[in-house]
Each structure stands twice: as C-alpha cells, then as structure tokens.
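Below is one structure, written out as structure tokens, with a few remarks after it.
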Amino acid sequence: YTLGLATTELALHAPSQIASAMKTRANQLGFNVVISMIDNLSLAACRTAVNELMSQRVDGVLINVPLSNDDAAAIAQLCGNLPALFLDVDPQADVFKILFDPHCGAQQGVEHLLALGHQQIAVLTGPLESISARLRYEGWLSTLATRDITPCAIQHGDWSAASGYQQALLLLSQPVRPTAILVANDQMALGVLRAVHEFGLRVPEQISVIGYDDTEDSAFFFPPLTTIKQDFRLLGHESINRLVDHLHRHGDHQQSSLLLPTSLVERHTTA
Ligand code: IPT
C-alpha cells in the first residue's frame with residue numbers, strides 16, 4: 001500500500017513534525033507515504049495536490065491543509081471512493097477527520113492567564129484564511145467573554161516567527177500595554193519573545209507569553225515557553241492507524257473520526 005499526504009507548508013514546524021510522525025508510523029506498518037505540498041492556501045492548490053497524489057495511484061490520502069466545511073466537502077468529493085482523512089477542518093465538518101479540539105486548547109490558554117489574574121490580554125492570531133487559526137481566535141474571544149473581557153489589542157500573523165516579531169512590535173506600541181499575550185502558535189511566540197526583550201520588558205515578571213503547539217524546540221526558548229500542547233506524534237500515529245484500519249475494513253468512515261484533547265504545559269513565560 002501507498003498513502004498520500006497533501007500538506008501545507010512543510011517549512012512550518014507543526015506540519016513537518018506531523019509528516020515525520022506519519023512516516024514513522026507508516027513505515028512500522030509497512031506502508032509507504034508520498035507527499036505533495038501546497039504552496040498557497042487555496043482550494044485550487046489543494047485540488048492540485050490531491051490530483052497529483054491520485055495520479056500516483058495512492059490507496060488513501062491524508063489531508064493536512066486548512067479547509068472550510070465547503071472546501072473539505074469539495075475535496076472529499078474529488079477523492080470519490082478513495083479514503084481521505086482530514087487533519088485541519090472544523091470539528092463540525094462532515095468528513096472523516098482527526099483533530100485536536102481547538103476550543104479546548106483556546107480555553108486552556110485563556111483560563112491559565114485568567115487564573116494568574118491577567119485582565120489586559122493581547123492576542124496574536126494565525127492567518128485568518130486558516131480554519132484552525134479562526135477557531136482558536138473564536139475560542140479565545142468566547143472564553144474571555146465569559147468574564148466580560150475583550151482583548152486589549154489584536155493582531156494577525158502568518159504562523160512564522162518573523163510575523164510574531166513584527167506583530168508583537170505593534171501590540172507593544174499601543175497606549176495600553178498588555179500584561180499577557182496569547183499567541184496562536186509557538187513559532188510566532190518565539191518572535192514575540194524577541195520583541196518583548198527588545199522593549200526591555202522582563203518575561204514573565206512584566207509580561208506573560210503563552211504559545212500553542214509545544215513543538216520540539218519550545219522547551220528551549222528563553223525563557224522556556226508555556227504553551228498548549230498538541231501531541232503531534234500521537235496525531236501522526238493515530239491518523240495512520242485510522243486510515244489503514246479504514247482501508248482494511250472498507251467500513252463506515254464517520255465512526256472512526258476522532259477529536260484529541262490538548263493540554264497546558266506550564267514552563268517559565270507566564271506568571
Ligand atoms: C497548526 C499549527 O498549530 C500551527 O502552528 C501551524 O503550523 C499550522 O498548523 C499550519 O497549518 S496544526 C494543524 C494540524 C491545525
């Protein structure tokens with residue numbers, strides 16, 4: 001058997017760690033994985049990637065590309081009878097999927113800051129074309145709203161450390177200085193930490209920073225990053241298991257969809 005992985009930008013840490021975990025698990029089971037990477041976030045790019053995999057006669061596809069419900073339905077239709085497992089869609093999307101619960105992760109981050117007494121909270125979202133970026137953002141806003149808090153500043157990055165740095169410079173230049181920044185991923189948090197240090201602010205004494213992902217490097221940021229963990233090894237392992245299982249059973253795919261929990265990893269950037 002050969003499995004195809006259509007993936008978003010592998011220069012980003014999360015998708016590359018997910019791809020790596022999938023390869024490892026597939027190899028253990030004696031499967032091959034071929035990869036097709038998209039270079040922009042669009043339905044057309046995703047279609048091209050999936051077509052490329054189908055022309056290589058793969059037996060099933062994994063789709064780690066952020067897709068709206070309509071776009072996911074279009075890709076599922078394109079796949080026809082070919083089993084397709086989605087990794088970056090809305091938990092409500094009516095497709096075969098395995099995901100971390102974005103609402104759970106967003107809530108854990110906000111609750112952590114609220115428990116520490118923060119009220120001046122700034123947010124740095126991922127690119128809003130990404131469904132996961134939008135869902136984390138919505139989760140932050142709705143959890144803050146339960147305490148009648150709205151963010152004191154909002155900026156949008158593109159998941160990269162460079163964008164985290166640039167957007168944090170803007171967040172820190174506003175008249176009201178936040179006491180904490182919620183960041184939608186660890187790579188942007190890395191850039192945020194640099195901006196905060198350049199402003200001469202101490203982390204976590206003067207400002208707290210919390211990330212999202214817990215990628216391999218996050219424990220080695222300075223200070224070590226407090227973050228919301230998505231266990232990418234587990235995701236890679238489970239996604240291959242479920243797709244292979246499905247190939248063997250030819251069964252009812254809806255039943256094996258899975259929503260994985262996230263967890264708070266407390267290190268030294270929040271107080
Ligand atoms: C998501 C990561 O959390 C984020 O850091 C970024 O790398 C993004 O992927 C790229 O699409 S994880 C995804 C499975 C929702």
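In the structure tokens, chains take letters A, B, ... by order of appearance, with residues numbered from 1 within each chain and ligands from 1 in the order shown.
Selecting all polymer residues at most 7 Å from ligand 1, using only C-alpha atoms and all ligand atoms, gives Thr8, Leu12, His13, Ala14, Pro15, Asn64, Val65, Pro66, Leu87, Asp88, Leu99, Ser130, Ser132, Trp159, Asn185, Asp186, Gln187, Tyr212 and Asp213 of chain A.
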- Task: Excluding stretch 190-198 of chain A and any residue of its chain fewer than 3 positions from it, enumerate the residues within 7 Å of it, using only C-alpha atoms, and give them as a PyMOL selection string.
- Result: chain A and resi 161-162+164-165+168-169+186-187+201-202+221
- Could you give me, as a VMD selection string, each residue of stretch 205-259 of chain A that DSSP assigns to strand (DSSP E or B) when run on this structure's backbone? chain A and resid 208 to 210 213 226 to 229 258 to 259
- Message: Neighbouring residues of stretch 16-22 of chain A were defined as those with any atom within 9 Å, considering only C-alpha atoms; residues of the same chain fewer than 6 positions away were excluded. Please report them as an NGL selection string.
- Response: :A and (5 or 7 or 9-10 or 33 or 35 or 64 or 215-216 or 232-240)
With N, CA, C and O atoms retained, write the just-selected residues as a tab-separated table (two decimals), in the first residue's frame.
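This is the output file again.tsv:
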chain	number	residue	atom	x	y	z
A	5	LEU	N	0.11	12.06	1.32
A	5	LEU	CA	-0.11	13.17	2.25
A	5	LEU	C	-0.10	14.48	1.47
A	5	LEU	O	0.91	14.83	0.87
A	7	THR	N	-0.09	18.26	2.11
A	7	THR	CA	0.20	19.06	3.29
A	7	THR	C	0.46	20.52	2.96
A	7	THR	O	0.92	20.87	1.87
A	9	GLU	N	2.54	24.06	3.91
A	9	GLU	CA	3.96	24.42	4.04
A	9	GLU	C	4.77	23.61	5.07
A	9	GLU	O	4.59	23.77	6.28
A	10	LEU	N	5.69	22.78	4.57
A	10	LEU	CA	6.50	21.96	5.49
A	10	LEU	C	7.64	22.73	6.13
A	10	LEU	O	8.34	22.20	7.00
A	33	VAL	N	4.71	6.43	2.28
A	33	VAL	CA	3.98	7.71	2.23
A	33	VAL	C	4.61	8.60	1.18
A	33	VAL	O	5.82	8.85	1.22
A	35	ILE	N	4.43	12.48	-0.53
A	35	ILE	CA	3.98	13.79	-0.07
A	35	ILE	C	3.80	14.76	-1.22
A	35	ILE	O	4.62	14.82	-2.14
A	64	ASN	N	-3.58	17.39	5.33
A	64	ASN	CA	-3.26	18.38	6.37
A	64	ASN	C	-3.16	19.76	5.72
A	64	ASN	O	-2.08	20.34	5.61
A	215	THR	N	5.89	22.46	20.06
A	215	THR	CA	6.80	21.78	19.13
A	215	THR	C	8.11	21.47	19.86
A	215	THR	O	8.35	21.97	20.95
A	216	GLU	N	8.95	20.66	19.22
A	216	GLU	CA	10.16	20.13	19.87
A	216	GLU	C	11.05	21.22	20.50
A	216	GLU	O	11.68	21.00	21.53
A	232	PHE	N	1.81	15.92	18.46
A	232	PHE	CA	1.88	15.62	17.03
A	232	PHE	C	2.29	14.18	16.74
A	232	PHE	O	1.92	13.61	15.72
A	233	ARG	N	3.08	13.59	17.66
A	233	ARG	CA	3.45	12.19	17.46
A	233	ARG	C	2.20	11.31	17.53
A	233	ARG	O	1.98	10.43	16.71
A	234	LEU	N	1.37	11.62	18.54
A	234	LEU	CA	0.10	10.89	18.69
A	234	LEU	C	-0.79	11.09	17.46
A	234	LEU	O	-1.40	10.15	16.94
A	235	LEU	N	-0.85	12.33	16.99
A	235	LEU	CA	-1.68	12.64	15.82
A	235	LEU	C	-1.21	11.84	14.60
A	235	LEU	O	-2.02	11.24	13.88
A	236	GLY	N	0.10	11.79	14.37
A	236	GLY	CA	0.65	11.06	13.23
A	236	GLY	C	0.34	9.58	13.34
A	236	GLY	O	-0.10	8.93	12.38
A	237	HIS	N	0.55	9.06	14.54
A	237	HIS	CA	0.33	7.65	14.82
A	237	HIS	C	-1.14	7.28	14.60
A	237	HIS	O	-1.47	6.35	13.86
A	238	GLU	N	-2.03	8.04	15.24
A	238	GLU	CA	-3.46	7.75	15.16
A	238	GLU	C	-4.01	7.93	13.75
A	238	GLU	O	-4.89	7.19	13.32
A	239	SER	N	-3.51	8.93	13.03
A	239	SER	CA	-4.06	9.16	11.70
A	239	SER	C	-3.70	8.01	10.77
A	239	SER	O	-4.55	7.54	10.00
A	240	ILE	N	-2.47	7.52	10.86
A	240	ILE	CA	-2.09	6.38	10.02
A	240	ILE	C	-2.88	5.14	10.45
A	240	ILE	O	-3.43	4.41	9.61
- Message: When DSSP is applied to the backbone of this structure, which of stretch 9-219 of chain A are assigned helix (DSSP H, G or I)? Write them out as a PyMOL selection string.
- Response: chain A and resi 13-28+43-55+69-79+102-115+131-145+161-172+186-198+218-219
Write out as a Markdown table the residues of stretch 134-190 of chain A that have any atom within 9 Å of an atom of stretch 119-125 of chain A, one row each with the nearest atom pair and its distance in Å to one decimal, counting only C-alpha atoms, sorted by chain and then rising number.
| residue | atom | partner | partner_atom | distance |
| --- | --- | --- | --- | --- |
| A:Arg134 | CA | A:Thr125 | CA | 7.8 |
| A:Arg136 | CA | A:Thr125 | CA | 7.8 |
| A:Tyr137 | CA | A:Thr125 | CA | 6.2 |
| A:Trp140 | CA | A:Val123 | CA | 8.4 |
| A:Ile149 | CA | A:Gln119 | CA | 7.1 |
| A:Thr150 | CA | A:Ile121 | CA | 8.0 |
| A:Pro151 | CA | A:Ala122 | CA | 5.2 |
| A:Cys152 | CA | A:Ala122 | CA | 5.3 |
| A:Ala153 | CA | A:Ala122 | CA | 4.7 |
| A:Ile154 | CA | A:Val123 | CA | 5.0 |
| A:Gln155 | CA | A:Leu124 | CA | 4.9 |
| A:His156 | CA | A:Thr125 | CA | 4.8 |
| A:Gly157 | CA | A:Thr125 | CA | 6.0 |
| A:Asp158 | CA | A:Thr125 | CA | 8.2 |
| A:Trp159 | CA | A:Thr125 | CA | 8.3 |
| A:Gly164 | CA | A:Leu124 | CA | 7.7 |
| A:Gln167 | CA | A:Leu124 | CA | 7.5 |
| A:Ala168 | CA | A:Leu124 | CA | 7.8 |
| A:Leu171 | CA | A:Ala122 | CA | 7.2 |
| A:Val176 | CA | A:Gln120 | CA | 8.1 |
| A:Arg177 | CA | A:Gln120 | CA | 7.5 |
| A:Pro178 | CA | A:Gln120 | CA | 4.8 |
| A:Thr179 | CA | A:Gln120 | CA | 5.4 |
| A:Ala180 | CA | A:Ile121 | CA | 5.0 |
| A:Ile181 | CA | A:Ala122 | CA | 4.8 |
| A:Leu182 | CA | A:Val123 | CA | 4.8 |
| A:Val183 | CA | A:Leu124 | CA | 4.9 |
| A:Ala184 | CA | A:Thr125 | CA | 5.1 |
| A:Asn185 | CA | A:Thr125 | CA | 8.3 |
| A:Met188 | CA | A:Leu124 | CA | 8.4 |
| A:Ala189 | CA | A:Leu124 | CA | 9.0 |
